[in-house]
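Here the structure is laid out as structure tokens; the discussion comes afterwards.
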Amino acid sequence: MSRRIAPLNALRAFEAAARHLSFTRAAEELHVTPAAISHQIKALEDYCGAPLFRRLTRSLLLTDQGQAALPVLREGFDMLAAASLQLARRRDDNVLTVSAAPSIAGKWLVARLERFRARHPDIDVRLDATNRVTDFERDGVDLVIRYGGGDYPGLHVEPLLSTSVFPVCSPGLLENGPPLNVPDDLVHHTLLHVDWTSQNATWPSWRMWLLAAGVEGVDAERGPRFNDAGLVMQTAIAGQGVALATDVLAVDDLTAGRVVRLFEICVPVDFGYYIVIPKEKTEIPKVAAFAAWLHEEADLMGSETATP
């Protein structure tokens, strides 16, 4: 059935101008000029055969006809927006959006994603590497991997990886630099620091490790600082100092020989990595499949971690 509808651009201009009672603010919202808004309103008034606004010297008011049309028009645009969102969701049914801190995304997750893709070729993973607190609805995120204490109220939470920390350095630094036979030898080396605190977790510090190792005489605060553990690992690989690494982030670099583990002292950390999912999304097949795969990869960590 044919529908008689006024020009949509003119309707959008009227709805915005009526909501703001200002052609200027409507123009700013729609990224056009006030003259373009005025032209669209005039065209709509010609179409209706009646004025929709009362144009006063310093203000703008709706006529009775404009006031009556506004709620219906606003509801119509709300329905169009909802329909557009639904179309976008249908288009993205095969896309899984995952958020993870840059450190675990770059040092652990990315190297393993090909195995997930081989098993689920119909699911395209969209990875958002950020330390920003996730707003699941606003950001369109299905699942996050977060480092913390596991306290995420109102969300479904699954423990993924526990962590422990130990010093690492590049093979070149170990061979060519001052000796690193015992922890006290760290006094002759640059310590690399992660200077980052999330909403509910603090990264393990050199002060904590040196205390656990019973080391005195080493300044736990000296050395360059970074806001991401992955950057610290890359700096250690470049031979620029000794990093305090977690087994999760160091496993691939240890296996590949890019870094070597120092000493036998390994300090467990209260914080770990967690899978966090909105409760309403836990039964979505693509989300459930990715969470199950993450647990499988975590189970393989024991065989992948190099021994000292």
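Residues in the structure tokens are named by chain (A, B, ... in the order shown) and by number from 1 within that chain; ligands are numbered from 1 in the order shown.
For region 25-133 of chain A, backbone-based DSSP labels the following residues as strand (DSSP E or B): A:Phe53, A:Arg54, A:Arg55, A:Leu60, A:Leu61, A:Leu62, A:Val95, A:Leu96, A:Thr97, A:Val98, A:Ser99, A:Ala100, A:Asp124, A:Val125, A:Arg126, A:Leu127, A:Asp128, A:Ala129.
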Residues of region 229-307 of chain A that have any atom at most 6 Å from an atom of region 152-161 of chain A: could you tabulate them with the shortest-distance atom pair and the distance in Å to one decimal, using only C-alpha atoms, ordered by chain and increasing number, as JSON lines?
```
{"residue": "A:Gly272", "atom": "CA", "partner": "A:Leu161", "partner_atom": "CA", "distance": 5.8}
{"residue": "A:Tyr273", "atom": "CA", "partner": "A:Leu161", "partner_atom": "CA", "distance": 5.0}
{"residue": "A:Tyr274", "atom": "CA", "partner": "A:Pro159", "partner_atom": "CA", "distance": 4.6}
{"residue": "A:Ile275", "atom": "CA", "partner": "A:Glu158", "partner_atom": "CA", "distance": 5.1}
{"residue": "A:Val276", "atom": "CA", "partner": "A:Val157", "partner_atom": "CA", "distance": 4.7}
{"residue": "A:Ile277", "atom": "CA", "partner": "A:His156", "partner_atom": "CA", "distance": 5.1}
{"residue": "A:Pro278", "atom": "CA", "partner": "A:Leu155", "partner_atom": "CA", "distance": 5.0}
{"residue": "A:Lys279", "atom": "CA", "partner": "A:His156", "partner_atom": "CA", "distance": 5.3}
```
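With only C-alpha atoms as the basis for measurement, A:Arg12 is the residue among A:Gly230, A:Arg12, A:Trp293, A:Asn131 that approaches Leu80 (chain A) most closely.
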Shell around Trp108 (chain A) at 9 Å using only C-alpha atoms, local window under 4 positions removed, as a ChimeraX atom specification: /A:103-104,112,248-252
Near-region 182-190 of chain A list (8 Å; only C-alpha atoms; drop same-chain fewer than 5 positions) as a ChimeraX atom specification: /A:213,215-219,222-223,240-242,263
Contacts of Ala101 (chain A) within 12 Å, only C-alpha atoms, excl. fewer than 3 positions in-chain, as a ChimeraX atom specification: /A:98,104-110,127-134,144-148,196,198,227-230,249,273-275
Hey, what does DSSP flag as helix (DSSP H, G or I) within region 33-236 of chain A? Can you give it to me as a short mmCIF file (atom, residue, chain, number, x, y, z; two decimals) with C-alpha atoms, in the first residue's frame?
```cif
data_model
loop_
_atom_site.label_atom_id
_atom_site.label_comp_id
_atom_site.auth_asym_id
_atom_site.auth_seq_id
_atom_site.Cartn_x
_atom_site.Cartn_y
_atom_site.Cartn_z
CA PRO A 34 20.25 27.40 10.38
CA ALA A 35 19.26 28.55 6.89
CA ALA A 36 18.92 24.91 5.81
CA ILE A 37 16.67 24.20 8.82
CA SER A 38 14.56 27.25 7.99
CA HIS A 39 14.26 26.09 4.37
CA GLN A 40 13.17 22.57 5.41
CA ILE A 41 10.59 23.95 7.86
CA LYS A 42 9.17 26.26 5.17
CA ALA A 43 8.90 23.31 2.78
CA LEU A 44 7.07 21.26 5.43
CA GLU A 45 4.68 24.13 6.19
CA ASP A 46 3.94 24.42 2.47
CA TYR A 47 3.31 20.66 2.40
CA CYS A 48 0.93 20.91 5.39
CA ASP A 64 -1.42 24.20 17.81
CA GLN A 65 -0.90 22.07 14.70
CA GLY A 66 2.83 21.80 15.35
CA GLN A 67 2.25 20.95 19.03
CA ALA A 68 -0.20 18.18 18.08
CA ALA A 69 2.16 16.64 15.51
CA LEU A 70 5.32 16.64 17.65
CA PRO A 71 4.58 13.67 20.01
CA VAL A 72 3.48 11.44 17.13
CA LEU A 73 6.50 12.40 15.05
CA ARG A 74 8.87 11.85 17.98
CA GLU A 75 7.41 8.38 18.55
CA GLY A 76 7.87 7.63 14.87
CA PHE A 77 11.54 8.60 14.93
CA ASP A 78 12.04 6.51 18.09
CA MET A 79 10.59 3.52 16.26
CA LEU A 80 12.82 4.17 13.25
CA ALA A 81 15.86 4.31 15.55
CA ALA A 82 14.85 1.02 17.18
CA ALA A 83 14.37 -0.60 13.78
CA SER A 84 17.78 0.65 12.64
CA LEU A 85 19.40 -0.81 15.74
CA GLN A 86 17.67 -4.12 15.12
CA LEU A 87 18.94 -4.19 11.54
CA ALA A 88 22.47 -3.49 12.76
CA ARG A 89 22.21 -6.30 15.31
CA ARG A 90 21.03 -8.74 12.65
CA ARG A 91 24.00 -7.72 10.51
CA PRO A 102 46.09 -4.25 26.06
CA SER A 103 48.60 -6.34 28.01
CA ILE A 104 46.74 -9.66 27.91
CA ALA A 105 45.29 -8.89 24.48
CA GLY A 106 48.74 -8.38 22.95
CA LYS A 107 50.82 -10.82 24.99
CA TRP A 108 48.41 -13.77 25.32
CA LEU A 109 45.08 -13.58 23.50
CA VAL A 110 46.07 -12.52 19.98
CA ALA A 111 48.56 -15.38 19.57
CA ARG A 112 45.79 -17.89 20.29
CA LEU A 113 42.84 -16.41 18.38
CA GLU A 114 43.64 -18.37 15.22
CA ARG A 115 42.75 -21.58 17.08
CA PHE A 116 39.32 -20.15 17.91
CA ARG A 117 38.80 -19.04 14.32
CA ALA A 118 39.73 -22.48 13.02
CA ARG A 119 37.10 -24.05 15.27
CA PHE A 136 28.43 -3.23 27.76
CA GLU A 137 25.37 -1.59 26.21
CA ARG A 138 27.04 1.62 25.07
CA ASP A 139 30.16 -0.10 23.72
CA PRO A 171 69.17 -13.26 27.14
CA GLY A 172 71.51 -10.51 25.94
CA LEU A 173 71.29 -8.64 29.23
CA LEU A 174 71.95 -11.86 31.13
CA GLU A 175 75.02 -12.64 29.00
CA ASN A 176 76.53 -9.18 28.61
CA PRO A 183 68.39 -11.43 43.76
CA ASP A 184 70.84 -9.03 45.44
CA ASP A 185 72.48 -8.58 42.02
CA LEU A 186 69.42 -6.53 40.96
CA VAL A 187 71.10 -3.56 42.63
CA HIS A 188 73.28 -3.25 39.50
CA TRP A 206 58.92 -4.60 42.78
CA ARG A 207 58.62 -3.62 46.45
CA MET A 208 56.30 -6.60 46.99
CA TRP A 209 58.62 -9.06 45.21
CA LEU A 210 61.82 -7.82 46.87
CA LEU A 211 60.17 -8.06 50.29
CA ALA A 212 59.07 -11.64 49.57
CA ALA A 213 62.60 -12.48 48.35
CA ALA A 229 52.49 -4.48 31.38
CA GLY A 230 52.93 -5.39 27.72
CA LEU A 231 55.13 -2.32 27.20
CA VAL A 232 57.24 -3.36 30.17
CA MET A 233 57.76 -6.79 28.61
CA GLN A 234 58.76 -5.24 25.27
CA THR A 235 61.25 -2.99 27.06
CA ALA A 236 62.76 -6.02 28.81
#
```
Point-to-point distance from CA of Pro51 (chain A) to CA of Thr63 (chain A), Å rounded to tenths: 7.0 Å
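If you look at CA of Thr255 (chain A) and CA of Val168 (chain A), they are 12.6 Å away from each other.
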